[in-house]
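**Q** Pasting entry.pdb here (PDB, C-alpha atoms (C1' of nucleotides)):
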```pdb
ATOM      1  CA  MET A 785       3.465  -8.509 114.321
ATOM      2  CA  ASP A 786       1.092  -5.611 114.004
ATOM      3  CA  THR A 787      -0.331  -6.623 110.718
ATOM      4  CA  PRO A 788      -3.293  -4.330 110.236
ATOM      5  CA  ALA A 789      -6.213  -6.352 111.503
ATOM      6  CA  PRO A 790      -6.091  -9.747 109.811
ATOM      7  CA  TYR A 791      -9.304 -11.344 108.732
ATOM      8  CA  GLY A 792     -10.979 -11.606 112.091
ATOM      9  CA  HIS A 793     -11.713 -14.869 113.715
ATOM     10  CA  THR A 794     -14.642 -16.816 112.520
ATOM     11  CA  PRO A 795     -16.243 -19.441 114.713
ATOM     12  CA  ALA A 796     -16.268 -23.197 114.392
ATOM     13  CA  ASN A 797     -15.667 -23.321 110.667
ATOM     14  CA  CYS A 798     -12.309 -21.737 111.257
ATOM     15  CA  ARG A 799     -10.895 -25.091 112.213
ATOM     16  CA  ALA A 800     -12.441 -26.853 109.297
ATOM     17  CA  ARG A 801     -10.953 -24.183 107.061
ATOM     18  CA  GLU A 802      -7.571 -24.798 108.569
ATOM     19  CA  ILE A 803      -7.921 -28.490 107.843
ATOM     20  CA  LEU A 804      -9.080 -27.782 104.332
ATOM     21  CA  GLY A 805      -6.124 -25.506 103.940
ATOM     22  CA  ARG A 806      -3.901 -28.406 104.870
ATOM     23  CA  ILE A 807      -5.345 -31.034 102.563
ATOM     24  CA  GLY A 808      -6.885 -28.681 100.026
ATOM     25  CA  ASP A 809      -3.624 -27.614  98.452
ATOM     26  CA  LYS A 810      -2.470 -28.948  95.145
ATOM     27  CA  TRP A 811      -0.759 -32.180  96.218
ATOM     28  CA  SER A 812      -1.580 -33.284  99.764
ATOM     29  CA  LEU A 813      -4.545 -35.373  98.794
ATOM     30  CA  TYR A 814      -2.527 -37.338  96.253
ATOM     31  CA  VAL A 815       0.240 -37.944  98.762
ATOM     32  CA  ILE A 816      -2.247 -39.126 101.365
ATOM     33  CA  ALA A 817      -3.924 -41.367  98.830
ATOM     34  CA  GLN A 818      -0.626 -42.924  97.808
ATOM     35  CA  LEU A 819       0.280 -43.590 101.410
ATOM     36  CA  SER A 820      -3.072 -45.179 102.124
ATOM     37  CA  ASP A 821      -1.730 -48.564 101.107
ATOM     38  CA  GLY A 822       1.396 -48.497 103.206
ATOM     39  CA  THR A 823       4.850 -47.095 103.820
ATOM     40  CA  LYS A 824       6.676 -45.702 100.827
ATOM     41  CA  ARG A 825       9.961 -44.080  99.962
ATOM     42  CA  PHE A 826      10.436 -40.621  98.535
ATOM     43  CA  THR A 827      11.215 -41.779  95.050
ATOM     44  CA  ALA A 828       8.311 -44.207  94.985
ATOM     45  CA  LEU A 829       5.943 -41.380  95.860
ATOM     46  CA  LYS A 830       7.463 -39.141  93.236
ATOM     47  CA  ARG A 831       7.113 -41.839  90.619
ATOM     48  CA  GLU A 832       3.496 -42.570  91.489
ATOM     49  CA  ILE A 833       2.257 -39.020  91.756
ATOM     50  CA  ASP A 834       2.161 -37.841  88.204
ATOM     51  CA  GLY A 835       3.538 -34.393  87.603
ATOM     52  CA  ILE A 836       4.754 -33.526  91.076
ATOM     53  CA  SER A 837       8.157 -31.898  91.318
ATOM     54  CA  GLN A 838      10.820 -32.944  93.784
ATOM     55  CA  ARG A 839      10.438 -29.678  95.584
ATOM     56  CA  MET A 840       6.673 -29.841  95.945
ATOM     57  CA  LEU A 841       6.798 -33.412  97.174
ATOM     58  CA  THR A 842       9.243 -32.331  99.859
ATOM     59  CA  VAL A 843       7.189 -29.281 100.788
ATOM     60  CA  THR A 844       3.969 -31.276 100.904
ATOM     61  CA  LEU A 845       5.465 -34.056 102.998
ATOM     62  CA  ARG A 846       6.921 -31.538 105.449
ATOM     63  CA  GLY A 847       3.549 -29.919 105.920
ATOM     64  CA  LEU A 848       1.817 -33.222 106.500
ATOM     65  CA  GLU A 849       4.568 -34.289 108.870
ATOM     66  CA  ARG A 850       4.301 -31.059 110.782
ATOM     67  CA  ASP A 851       0.644 -31.698 111.474
ATOM     68  CA  GLY A 852       1.224 -35.313 112.455
ATOM     69  CA  ILE A 853      -0.567 -36.746 109.445
ATOM     70  CA  VAL A 854       2.514 -38.353 107.956
ATOM     71  CA  SER A 855       5.489 -39.896 109.729
ATOM     72  CA  ARG A 856       9.037 -39.669 108.415
ATOM     73  CA  THR A 857      11.686 -42.269 109.155
ATOM     74  CA  MET A 858      15.258 -41.575 108.148
ATOM     75  CA  TYR A 859      17.922 -44.245 107.928
ATOM     76  CA  PRO A 860      21.477 -42.921 108.271
ATOM     77  CA  VAL A 861      22.856 -44.994 105.442
ATOM     78  CA  MET A 862      24.513 -44.272 102.160
ATOM     79  CA  PRO A 863      22.714 -43.660  99.901
ATOM     80  CA  PRO A 864      20.057 -42.034 102.098
ATOM     81  CA  ARG A 865      16.804 -43.810 102.704
ATOM     82  CA  VAL A 866      13.629 -42.199 104.035
ATOM     83  CA  ASP A 867      10.308 -43.895 104.622
ATOM     84  CA  TYR A 868       6.991 -42.116 104.752
ATOM     85  CA  ALA A 869       3.761 -43.456 106.183
ATOM     86  CA  LEU A 870       0.406 -42.293 107.421
ATOM     87  CA  THR A 871       0.148 -41.880 111.179
ATOM     88  CA  PRO A 872      -2.935 -43.130 113.031
ATOM     89  CA  LEU A 873      -4.169 -39.558 112.851
ATOM     90  CA  GLY A 874      -3.549 -39.583 109.128
ATOM     91  CA  ARG A 875      -5.617 -42.707 108.750
ATOM     92  CA  THR A 876      -8.583 -41.162 110.521
ATOM     93  CA  LEU A 877      -8.300 -38.301 108.052
ATOM     94  CA  LEU A 878      -8.493 -40.846 105.284
ATOM     95  CA  GLU A 879     -11.961 -41.636 106.470
ATOM     96  CA  ALA A 880     -13.074 -38.009 106.246
ATOM     97  CA  VAL A 881     -11.483 -37.640 102.851
ATOM     98  CA  SER A 882     -13.208 -40.700 101.495
ATOM     99  CA  PHE A 883     -16.463 -39.078 102.484
ATOM    100  CA  LEU A 884     -15.637 -36.108 100.294
ATOM    101  CA  THR A 885     -14.454 -38.410  97.542
ATOM    102  CA  SER A 886     -17.785 -40.165  97.584
ATOM    103  CA  TRP A 887     -19.585 -36.854  97.387
ATOM    104  CA  ALA A 888     -17.432 -35.869  94.433
ATOM    105  CA  GLU A 889     -18.117 -39.199  92.728
ATOM    106  CA  GLU A 890     -21.830 -38.829  93.134
ATOM    107  CA  HIS A 891     -22.101 -35.247  91.989
ATOM    108  CA  VAL A 892     -19.323 -34.668  89.513
ATOM    109  CA  GLU A 893     -21.600 -35.037  86.510
ATOM    110  CA  GLU A 894     -24.209 -32.728  87.953
ATOM    111  CA  ILE A 895     -21.564 -30.125  88.736
ATOM    112  CA  GLU A 896     -19.984 -30.308  85.330
ATOM    113  CA  ALA A 897     -23.350 -29.975  83.623
ATOM    114  CA  THR A 898     -24.273 -26.999  85.778
ATOM    115  CA  ARG A 899     -20.913 -25.420  85.144
ATOM    116  CA  ALA A 900     -21.249 -25.875  81.398
ATOM    117  CA  ARG A 901     -24.705 -24.301  81.437
ATOM    118  CA  TYR A 902     -23.427 -21.395  83.478
ATOM    119  CA  ASP A 903     -20.511 -20.786  81.148
ATOM    120  CA  THR A 904     -22.787 -20.934  78.119
ATOM    121  CA  ARG A 905     -25.120 -18.386  79.641
ATOM    122  CA  VAL A 906     -22.267 -16.050  80.458
ATOM    123  CA  GLU A 907     -20.910 -16.440  76.956
ATOM    124  CA  GLU A 908     -24.248 -15.632  75.355
ATOM    125  CA  PHE A 909     -24.647 -12.651  77.622
ATOM    126  CA  SER A 910     -21.237 -11.324  76.679
ATOM    127  CA  ALA A 911     -22.110 -11.654  73.017
ATOM    128  CA  LEU A 912     -24.778  -8.984  73.398
ATOM    129  CA  ASP A 913     -22.205  -6.227  73.042
TER     130      ASP A 913
ATOM    131  CA  MET B 229      -8.456 -50.314 111.748
ATOM    132  CA  ASP B 230     -11.335 -49.876 109.454
ATOM    133  CA  THR B 231      -9.884 -47.407 107.065
ATOM    134  CA  PRO B 232     -11.837 -47.042 103.875
ATOM    135  CA  ALA B 233     -10.824 -49.067 100.897
ATOM    136  CA  PRO B 234      -7.410 -48.072  99.634
ATOM    137  CA  TYR B 235      -7.635 -45.859  96.623
ATOM    138  CA  GLY B 236      -4.638 -45.803  94.390
ATOM    139  CA  HIS B 237      -4.516 -43.953  91.121
ATOM    140  CA  THR B 238      -8.236 -43.763  90.682
ATOM    141  CA  PRO B 239      -9.486 -40.587  89.055
ATOM    142  CA  ALA B 240     -11.626 -40.286  92.153
ATOM    143  CA  ASN B 241      -8.906 -38.320  93.842
ATOM    144  CA  CYS B 242      -8.826 -35.897  90.959
ATOM    145  CA  ARG B 243     -12.484 -35.187  91.464
ATOM    146  CA  ALA B 244     -12.101 -34.872  95.190
ATOM    147  CA  ARG B 245      -9.268 -32.452  94.566
ATOM    148  CA  GLU B 246     -11.488 -30.440  92.307
ATOM    149  CA  ILE B 247     -14.106 -30.312  95.008
ATOM    150  CA  LEU B 248     -11.529 -29.320  97.579
ATOM    151  CA  GLY B 249     -10.376 -26.649  95.204
ATOM    152  CA  ARG B 250     -13.899 -25.324  95.154
ATOM    153  CA  ILE B 251     -14.636 -25.286  98.863
ATOM    154  CA  GLY B 252     -11.062 -25.196 100.107
ATOM    155  CA  ASP B 253     -10.383 -21.628  99.117
ATOM    156  CA  LYS B 254     -10.361 -18.842 101.602
ATOM    157  CA  TRP B 255     -14.061 -18.008 101.857
ATOM    158  CA  SER B 256     -16.362 -20.622 100.320
ATOM    159  CA  LEU B 257     -16.769 -22.590 103.496
ATOM    160  CA  TYR B 258     -17.867 -19.534 105.433
ATOM    161  CA  VAL B 259     -20.345 -18.583 102.744
ATOM    162  CA  ILE B 260     -21.783 -22.086 102.685
ATOM    163  CA  ALA B 261     -21.985 -22.129 106.456
ATOM    164  CA  GLN B 262     -23.826 -18.818 106.542
ATOM    165  CA  LEU B 263     -26.301 -20.011 103.944
ATOM    166  CA  SER B 264     -26.961 -23.223 105.817
ATOM    167  CA  ASP B 265     -29.724 -21.539 107.795
ATOM    168  CA  GLY B 266     -31.568 -20.090 104.846
ATOM    169  CA  THR B 267     -31.716 -17.510 102.074
ATOM    170  CA  LYS B 268     -29.743 -14.356 102.589
ATOM    171  CA  ARG B 269     -28.971 -11.091 100.837
ATOM    172  CA  PHE B 270     -25.567  -9.917  99.721
ATOM    173  CA  THR B 271     -25.196  -7.345 102.456
ATOM    174  CA  ALA B 272     -26.313  -9.755 105.141
ATOM    175  CA  LEU B 273     -23.642 -12.226 104.080
ATOM    176  CA  LYS B 274     -21.038  -9.513 103.989
ATOM    177  CA  ARG B 275     -21.995  -8.383 107.466
ATOM    178  CA  GLU B 276     -21.934 -11.895 108.906
ATOM    179  CA  ILE B 277     -18.706 -13.076 107.338
ATOM    180  CA  ASP B 278     -16.109 -11.183 109.251
ATOM    181  CA  GLY B 279     -13.310  -9.721 107.191
ATOM    182  CA  ILE B 280     -14.528 -10.598 103.704
ATOM    183  CA  SER B 281     -14.248  -7.880 101.092
ATOM    184  CA  GLN B 282     -17.027  -6.982  98.722
ATOM    185  CA  ARG B 283     -14.976  -8.298  95.853
ATOM    186  CA  MET B 284     -14.225 -11.662  97.408
ATOM    187  CA  LEU B 285     -17.826 -12.214  98.430
ATOM    188  CA  THR B 286     -18.861 -11.598  94.837
ATOM    189  CA  VAL B 287     -16.131 -13.822  93.437
ATOM    190  CA  THR B 288     -16.878 -16.609  95.904
ATOM    191  CA  LEU B 289     -20.617 -16.487  95.272
ATOM    192  CA  ARG B 290     -20.066 -16.571  91.498
ATOM    193  CA  GLY B 291     -17.907 -19.650  91.822
ATOM    194  CA  LEU B 292     -20.418 -21.447  94.004
ATOM    195  CA  GLU B 293     -23.219 -20.420  91.667
ATOM    196  CA  ARG B 294     -21.288 -21.687  88.683
ATOM    197  CA  ASP B 295     -21.054 -25.136  90.221
ATOM    198  CA  GLY B 296     -24.687 -25.176  91.238
ATOM    199  CA  ILE B 297     -23.998 -25.058  94.936
ATOM    200  CA  VAL B 298     -25.575 -21.661  95.457
ATOM    201  CA  SER B 299     -28.565 -20.126  93.691
ATOM    202  CA  ARG B 300     -28.829 -16.454  92.874
ATOM    203  CA  THR B 301     -32.136 -14.646  92.583
ATOM    204  CA  MET B 302     -32.194 -11.088  91.308
ATOM    205  CA  TYR B 303     -35.138  -8.764  91.723
ATOM    206  CA  PRO B 304     -35.248  -5.950  89.150
ATOM    207  CA  VAL B 305     -36.137  -3.270  91.648
ATOM    208  CA  MET B 306     -34.549  -0.076  92.844
ATOM    209  CA  PRO B 307     -32.457  -0.361  94.912
ATOM    210  CA  PRO B 308     -31.330  -3.769  93.661
ATOM    211  CA  ARG B 309     -32.090  -6.856  95.673
ATOM    212  CA  VAL B 310     -30.368 -10.205  95.299
ATOM    213  CA  ASP B 311     -31.040 -13.343  97.293
ATOM    214  CA  TYR B 312     -28.620 -16.185  97.730
ATOM    215  CA  ALA B 313     -29.418 -19.681  98.924
ATOM    216  CA  LEU B 314     -28.006 -23.169  98.938
ATOM    217  CA  THR B 315     -29.299 -25.377  96.166
ATOM    218  CA  PRO B 316     -30.314 -28.974  96.936
ATOM    219  CA  LEU B 317     -26.852 -29.935  95.694
ATOM    220  CA  GLY B 318     -25.360 -27.391  98.069
ATOM    221  CA  ARG B 319     -27.209 -28.913 100.954
ATOM    222  CA  THR B 320     -25.837 -32.365 100.218
ATOM    223  CA  LEU B 321     -22.384 -30.802 100.301
ATOM    224  CA  LEU B 322     -23.232 -29.474 103.737
ATOM    225  CA  GLU B 323     -23.292 -33.051 104.917
ATOM    226  CA  ALA B 324     -19.805 -33.765 103.649
ATOM    227  CA  VAL B 325     -18.514 -30.538 105.088
ATOM    228  CA  SER B 326     -19.950 -31.255 108.500
ATOM    229  CA  PHE B 327     -18.074 -34.534 108.402
ATOM    230  CA  LEU B 328     -14.819 -32.690 107.868
ATOM    231  CA  THR B 329     -15.772 -30.146 110.483
ATOM    232  CA  SER B 330     -16.299 -32.915 112.986
ATOM    233  CA  TRP B 331     -12.927 -34.364 112.133
ATOM    234  CA  ALA B 332     -11.331 -30.962 112.631
ATOM    235  CA  GLU B 333     -13.111 -30.503 115.945
ATOM    236  CA  GLU B 334     -11.954 -33.853 117.194
ATOM    237  CA  HIS B 335      -8.336 -33.542 116.189
ATOM    238  CA  VAL B 336      -7.523 -29.849 116.314
ATOM    239  CA  GLU B 337      -5.809 -30.122 119.677
ATOM    240  CA  GLU B 338      -3.754 -33.098 118.615
ATOM    241  CA  ILE B 339      -2.717 -31.327 115.443
ATOM    242  CA  GLU B 340      -1.779 -28.132 117.223
ATOM    243  CA  ALA B 341       0.278 -30.018 119.769
ATOM    244  CA  THR B 342       2.075 -31.972 117.063
ATOM    245  CA  ARG B 343       2.671 -28.809 115.117
ATOM    246  CA  ALA B 344       4.097 -27.045 118.148
ATOM    247  CA  ARG B 345       6.448 -29.954 118.849
ATOM    248  CA  TYR B 346       7.551 -29.991 115.246
ATOM    249  CA  ASP B 347       8.256 -26.280 115.214
ATOM    250  CA  THR B 348      10.219 -26.535 118.446
ATOM    251  CA  ARG B 349      12.367 -29.291 117.029
ATOM    252  CA  VAL B 350      13.057 -27.356 113.859
ATOM    253  CA  GLU B 351      13.899 -24.296 115.898
ATOM    254  CA  GLU B 352      16.340 -26.195 118.086
ATOM    255  CA  PHE B 353      17.901 -27.760 115.044
ATOM    256  CA  SER B 354      18.368 -24.409 113.369
ATOM    257  CA  ALA B 355      20.035 -23.074 116.511
ATOM    258  CA  LEU B 356      22.898 -25.494 115.963
ATOM    259  CA  ASP B 357      24.421 -23.194 113.372
TER     260      ASP B 357
ATOM    261  C1'  DC C 404     -27.797  -2.041  97.280
ATOM    262  C1'  DG C 405     -25.034  -4.969  94.762
ATOM    263  C1'  DG C 406     -21.954  -5.083  92.322
ATOM    264  C1'  DG C 407     -17.850  -4.125  88.170
ATOM    265  C1'  DA C 408     -13.097  -2.461  87.029
ATOM    266  C1'  DT C 409      -8.537  -1.688  88.179
ATOM    267  C1'  DC C 410      -4.202  -1.926  90.510
ATOM    268  C1'  DC C 411      -1.138  -4.266  93.456
ATOM    269  C1'  DA C 412       1.088  -7.298  97.231
ATOM    270  C1'  DC C 413       1.804 -11.782  98.425
ATOM    271  C1'  DC C 414       2.799 -16.567  98.136
ATOM    272  C1'  DG C 415       2.099 -21.087  96.285
ATOM    273  C1'  DT C 416       4.114 -23.416  92.625
ATOM    274  C1'  DG C 417       7.446 -24.806  89.026
ATOM    275  C1'  DA C 418      12.198 -25.064  86.755
ATOM    276  C1'  DT C 419      16.752 -25.471  87.427
ATOM    277  C1'  DA C 420      21.072 -26.245  89.633
ATOM    278  C1'  DC C 421      23.646 -27.956  93.409
ATOM    279  C1'  DT C 422      24.798 -31.301  97.698
ATOM    280  C1'  DG C 423      25.683 -34.835 101.640
TER     281       DG C 423
ATOM    282  C1'  DC D  13      18.704 -41.100  97.051
ATOM    283  C1'  DA D  14      16.672 -37.380  99.066
ATOM    284  C1'  DG D  15      16.872 -33.536  99.505
ATOM    285  C1'  DT D  16      18.280 -27.700  99.659
ATOM    286  C1'  DA D  17      18.776 -23.096  97.300
ATOM    287  C1'  DT D  18      17.462 -19.748  94.084
ATOM    288  C1'  DC D  19      14.804 -17.442  90.736
ATOM    289  C1'  DA D  20      10.682 -16.573  88.087
ATOM    290  C1'  DC D  21       5.865 -16.591  87.304
ATOM    291  C1'  DG D  22       0.822 -16.669  87.778
ATOM    292  C1'  DG D  23      -3.163 -16.795  90.466
ATOM    293  C1'  DT D  24      -5.495 -15.341  94.757
ATOM    294  C1'  DG D  25      -7.022 -12.000  97.525
ATOM    295  C1'  DG D  26      -7.166  -6.966  99.360
ATOM    296  C1'  DA D  27      -7.960  -1.849  98.574
ATOM    297  C1'  DT D  28     -10.054   1.570  96.139
ATOM    298  C1'  DC D  29     -13.059   3.916  93.006
ATOM    299  C1'  DC D  30     -17.092   3.989  90.171
ATOM    300  C1'  DC D  31     -21.752   2.763  88.338
ATOM    301  C1'  DG D  32     -26.964   1.491  87.455
TER     302       DG D  32
END
```
Just give me the structure as structure tokens.
**A**
Amino acid sequence: MDTPAPYGHTPANCRAREILGRIGDKWSLYVIAQLSDGTKRFTALKREIDGISQRMLTVTLRGLERDGIVSRTMYPVMPPRVDYALTPLGRTLLEAVSFLTSWAEEHVEEIEATRARYDTRVEEFSALD
Amino acid sequence: MDTPAPYGHTPANCRAREILGRIGDKWSLYVIAQLSDGTKRFTALKREIDGISQRMLTVTLRGLERDGIVSRTMYPVMPPRVDYALTPLGRTLLEAVSFLTSWAEEHVEEIEATRARYDTRVEEFSALD
DNA sequence: CGGGATCCACCGTGATACTG
DNA sequence: CAGTATCACGGTGGATCCCG
């Protein structure tokens, strides 16, 4: 418990960081996007999200469920059946995310150009050795 | 409810993920927030962002500079002086971030309550062993 | 003052195998 | 079908020392 002084609190952005930490990981955004058009089963999600492993889909869904962004409905049948869906809270998040998506859409070219220029400069600079 | 248009497999999510990867790391958001009220020097940023190491401030600033979100101005004087500021692109990002911040502000209590309930349930379930 | 270089601990992620 | 368990790996971030 006495971890030597964690990174101290930081004001209002702290919460935004926490949120970003939740949806900013490798898979959450894809899961949320796939659930934006309705309830889906585990396997359907796995099939639609290219490259995700069984484990990471489970881990991601658990995290989103924990924060009330995704709901999980289990049917005690054989074989097992589990449905996942966005909660009302999850759908409000969708709105915030689409704002970021729009920003990304609008500026992706500018960013990539800037990045390429930066990398070229660094490369040229390194060549001075 | 007026959720934004459903977005399925669109590459848009990839770009949004890339953006989240940029600002969703541990420190970028704090750096951006601190630069929102004007140009600042390295040491000033380090002083204002509680808990950040010299290394991580450098790394974070380089990343933001690479993507054209932050500008870096070096003065060849002794002792060295370097100014950092948000670029116009960086300031447009500020808008998107404040949207997420608002979302976090509005729902942080709900999320924390849900999270606490979830953890309690898991705890009780584990106690069944 | 504003870094760069190095070493290291942690943990998020992936691959694989097993299960109710 | 929908997971859990285990191991291995790489990247992120922290601590420290040094330099122009």
**Q** If you apply the PyMOL selection byres ((chain B) within 10 of (chain D)) to this file, what residues do you get, as a list of chain:residue names?
**A** B:Asp253, B:Lys254, B:Ile280, B:Ser281, B:Gln282, B:Arg283, B:Met284, B:Met306, B:Pro307, B:Pro308
**Q** Kindly give the distance, in Å, that separates atom CA of Cys242 of chain B and atom CA of Glu340 of chain B, rounded to a single decimal.
**A**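 Computed distance, atom CA of Cys242 of chain B to atom CA of Glu340 of chain B, equals 28.3 Å.
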**Q** Could you jot down the atom CA of Val866 of chain A to atom CA of Lys824 of chain A separation for me, Å, one decimal place?
**A**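 Computing the Euclidean distance for atom CA of Val866 of chain A and atom CA of Lys824 of chain A yields 8.4 Å.
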**Q** Check what the PyMOL selection byres ((chain B) within 8 of (chain A)) selects in the file above and give those residues as a ChimeraX atom specification.
**A** /B:231-232,234-237,240-241,243-245,247-249,252-254,257-258,261,277-280,294-296,321,324-325,327-329,331-333,336,339-340,342-343,346-347
**Q** Between chain C and chain B, at 8 Å or less, what are the per-residue closest atom pairs and their distances in Å? Count only C-alpha atoms (C1' of nucleotides), order by chain and rising residue number, and return it as CSV.
**A**
```
residue,atom,partner,partner_atom,distance
C:DC404,C1',B:Pro308,CA,5.3
C:DG405,C1',B:Pro308,CA,6.5
C:DG406,C1',B:Thr286,CA,7.6
```
**Q** Take the residues from that selection and put them in a file with C-alpha atoms (C1' of nucleotides), as a tab-separated table (two decimals), keeping the file's coordinate frame.
**A**
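What follows is the written file selection-v2.tsv:
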```tsv
chain	number	residue	atom	x	y	z
C	404	DC	C1'	-27.80	-2.04	97.28
C	405	DG	C1'	-25.03	-4.97	94.76
C	406	DG	C1'	-21.95	-5.08	92.32
```
**Q** Grab the Cα RMSD for chain A fitted onto chain B, all atoms paired in sequence order, one decimal please.
**A**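 C-alpha RMSD after least-squares superposition: 7.3 Å.
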**Q** Can you tell me how far atom CA of Asp867 of chain A sits from atom CA of Lys830 of chain A, in Å to one decimal?
**A**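 About the pair atom CA of Asp867 of chain A and atom CA of Lys830 of chain A: they are 12.7 Å apart.
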**Q** Kindly list the centre and edge lengths in Å, rounded to one decimal, for the axis-aligned box that covers all listed atoms of segment 258-268 of chain B plus 3 Å on each of its six sides, as lines of an AutoDock Vina configuration file.
**A**
```
center_x = -24.8
center_y = -18.8
center_z = 104.9
size_x = 19.8
size_y = 14.9
size_z = 11.7
```
